[in-house]
Amino acid sequence: MNSARFSIALLFVLLAGCASDPAPHEQLRLSEVALVQARAVGAGEEQAELALAQGKYEQARAALAAGRHKEARLLAEQAELDAQLAEAQLLIQKSNKQVAALEQQVGALRQQLEAL
Amino acid sequence: MSGRHAFPFALLALALLGGCVTTSPEARRVLDEAQAELLAIRTEPAVRLSAAKDLERAEESLERAERFSSYLGSEEDVLHYAYLSRRYSQIAREHGAQRQAAERVAQLEKERERLQLALSEARLITAEQQGEWLEEQLLGQATTETERGLVMTLGDVLFDTGRAELRASATRTVLQVAKFLRLNQRRVVRIEGYTDSQGDAALNLELSRGRAQSVRDMLVDLGVDGKRIQVAGYGEAYPVAENASNQGRARNRRVEIVFSDEEGTLGAER
């Protein structure tokens, strides 16, 4: 008897959990911002993380349209971080190129100095 | 007797159930990976400095994932928050690397600048060693051999009217004098200021001294030992031209640098 009551209560809690999941409009907006920002610094679809982010973002929109709010939120949250990672990876790539170019310049200057 | 043992056993059974039933091997593996990712970077100074927020979120997400793993039927949430935690850790790591790269860029840029300066200096010195420099540069600068020794005249154009501060265009000339003195360590100089006859004589005396002092200050800034530089102000005295015309007055407003001979013997003051 007790366990039956507990089960019913649990069922309600779980159901309530599903039903009360609000539509994650704000999260989708954040994900979109992250995607736009990653593209703004030059990230392209050839970058695995950005393609992943775009795919999940589209799935999230579809889930939202179908009323599957929780699924939409999880996908959108992941898409946001995938896009942020793509952006960070791109920035570090750029910096590494800059470091390499500077190291070359410094090396060339050293050689010129020694040649004098 | 049996009642006393039943309670701990029940607890143990619950704990085991809780551990086994709710955490699938897949979830456990994902949690471990997220934890490993976080452990690898959380003590990195560059990460702590540049990505404290991401680090914090990686920890929060991992705690959430762990919490969900003790609830029944939360596999999806466990995987989700473990995924977020890994991503935050990865982002934090990239931000840390970014900071280190930026520091390296700043350091290399400074080094490049220093090397460029050293290179142009070295080229100049090479030219000087070939004996070209002194004639070309110093003698080209209105230097005359007088009974007072080698005298270089810095014209009126190096100062604004009535001001004692050197104009930017004077820098090059003074730089050359500094280099010459650095290469000829025994030589000393006297810097003499002169004005035209317009205005108050006492003020002119002060102005002439102030201008000579400006040239001295700059030479000292450029690394010439102050002990090697004397300063004198003569005001309106010793004109080199008539004070009647504009042209003549302009020639009289000047700073002269008197160089000693190679042994450091400087002619007496006027």
# chains A, B, ... in the order shown; residues from 1 in each chain; ligands from 1
>>> residues_around(residues="stretch 40-42 of chain A", least_positions_apart="2", cutoff="8 Å", atoms="only C-alpha atoms", output="PDB file with all heavy atoms, in the first residue's frame")
ATOM      1  N   VAL A  36      26.621  32.683 -34.148  1.00  0.00           N
ATOM      2  CA  VAL A  36      26.942  33.894 -34.919  1.00  0.00           C
ATOM      3  C   VAL A  36      28.333  34.379 -34.553  1.00  0.00           C
ATOM      4  O   VAL A  36      29.144  34.739 -35.410  1.00  0.00           O
ATOM      5  CB  VAL A  36      25.880  34.992 -34.644  1.00  0.00           C
ATOM      6  CG1 VAL A  36      26.355  36.334 -35.177  1.00  0.00           C
ATOM      7  CG2 VAL A  36      24.553  34.607 -35.269  1.00  0.00           C
ATOM      8  N   GLN A  37      28.634  34.347 -33.253  1.00  0.00           N
ATOM      9  CA  GLN A  37      29.928  34.841 -32.786  1.00  0.00           C
ATOM     10  C   GLN A  37      31.078  33.981 -33.304  1.00  0.00           C
ATOM     11  O   GLN A  37      32.111  34.492 -33.707  1.00  0.00           O
ATOM     12  CB  GLN A  37      29.925  34.843 -31.258  1.00  0.00           C
ATOM     13  CG  GLN A  37      30.709  35.986 -30.665  1.00  0.00           C
ATOM     14  CD  GLN A  37      30.355  36.155 -29.206  1.00  0.00           C
ATOM     15  OE1 GLN A  37      29.183  36.315 -28.860  1.00  0.00           O
ATOM     16  NE2 GLN A  37      31.352  36.080 -28.348  1.00  0.00           N
ATOM     17  N   ALA A  38      30.866  32.674 -33.282  1.00  0.00           N
ATOM     18  CA  ALA A  38      31.912  31.769 -33.774  1.00  0.00           C
ATOM     19  C   ALA A  38      32.171  32.039 -35.248  1.00  0.00           C
ATOM     20  O   ALA A  38      33.321  32.082 -35.698  1.00  0.00           O
ATOM     21  CB  ALA A  38      31.502  30.323 -33.551  1.00  0.00           C
ATOM     22  N   GLY A  44      34.255  28.031 -39.607  1.00  0.00           N
ATOM     23  CA  GLY A  44      33.444  27.551 -40.730  1.00  0.00           C
ATOM     24  C   GLY A  44      32.957  26.135 -40.485  1.00  0.00           C
ATOM     25  O   GLY A  44      33.342  25.499 -39.504  1.00  0.00           O
ATOM     26  N   GLU A  87      34.737  28.568 -31.469  1.00  0.00           N
ATOM     27  CA  GLU A  87      35.276  29.933 -31.491  1.00  0.00           C
ATOM     28  C   GLU A  87      36.643  29.979 -30.795  1.00  0.00           C
ATOM     29  O   GLU A  87      37.601  30.541 -31.326  1.00  0.00           O
ATOM     30  CB  GLU A  87      34.293  30.877 -30.784  1.00  0.00           C
ATOM     31  CG  GLU A  87      34.746  32.321 -30.802  1.00  0.00           C
ATOM     32  CD  GLU A  87      33.915  33.216 -29.896  1.00  0.00           C
ATOM     33  OE1 GLU A  87      32.846  32.764 -29.420  1.00  0.00           O
ATOM     34  OE2 GLU A  87      34.339  34.358 -29.669  1.00  0.00           O
ATOM     35  N   LEU A  90      39.357  28.448 -32.822  1.00  0.00           N
ATOM     36  CA  LEU A  90      39.762  29.272 -33.948  1.00  0.00           C
ATOM     37  C   LEU A  90      40.680  30.405 -33.501  1.00  0.00           C
ATOM     38  O   LEU A  90      41.665  30.716 -34.147  1.00  0.00           O
ATOM     39  CB  LEU A  90      38.546  29.842 -34.659  1.00  0.00           C
ATOM     40  CG  LEU A  90      38.980  30.232 -36.050  1.00  0.00           C
ATOM     41  CD1 LEU A  90      38.632  29.137 -37.016  1.00  0.00           C
ATOM     42  CD2 LEU A  90      38.432  31.550 -36.456  1.00  0.00           C
ATOM     43  N   LEU A  91      40.324  31.006 -32.357  1.00  0.00           N
ATOM     44  CA  LEU A  91      41.144  32.114 -31.855  1.00  0.00           C
ATOM     45  C   LEU A  91      42.549  31.643 -31.528  1.00  0.00           C
ATOM     46  O   LEU A  91      43.532  32.325 -31.816  1.00  0.00           O
ATOM     47  CB  LEU A  91      40.481  32.735 -30.621  1.00  0.00           C
ATOM     48  CG  LEU A  91      39.219  33.547 -30.903  1.00  0.00           C
ATOM     49  CD1 LEU A  91      38.588  34.020 -29.604  1.00  0.00           C
ATOM     50  CD2 LEU A  91      39.536  34.739 -31.802  1.00  0.00           C
TER      51      LEU A  91
END
>>> closest_atom_pairs(of="stretch 237-257 of chain B", to="stretch 210-221 of chain B", cutoff="10 Å", atoms="only C-alpha atoms", output="tab-separated table")
residue	atom	partner	partner_atom	distance
B:Arg254	CA	B:Arg211	CA	8.8
B:Val255	CA	B:Ala212	CA	6.3
B:Glu256	CA	B:Ala212	CA	8.2
B:Ile257	CA	B:Ala212	CA	8.8
>>> interface_residues(of="chain B", to="chain A", cutoff="6 Å", atoms="only C-alpha atoms", output="JSON, numbers by chain")
{"B": [91, 94, 98, 105, 112, 119]}
>>> residues_around(residues="stretch 202-204 of chain B", least_positions_apart="6", cutoff="7 Å", atoms="only C-alpha atoms", output="JSON list (two decimals) with C-alpha atoms, in the first residue's frame")
[["chain", "number", "residue", "atom", "x", "y", "z"],
["B", 195, "THR", "CA", 70.31, 84.99, -28.01],
["B", 235, "GLY", "CA", 72.73, 85.85, -23.59],
["B", 236, "GLU", "CA", 73.20, 88.64, -26.13]]
>>> select_by_dssp(residues="stretch 188-252 of chain B", states="strand (DSSP E or B)", output="MDAnalysis selection string")
chainID B and resid 189:194 229:233
>>> select_by_dssp(residues="stretch 191-235 of chain B", states="alpha helix (DSSP H)", output="PyMOL selection string")
chain B and resi 201-221
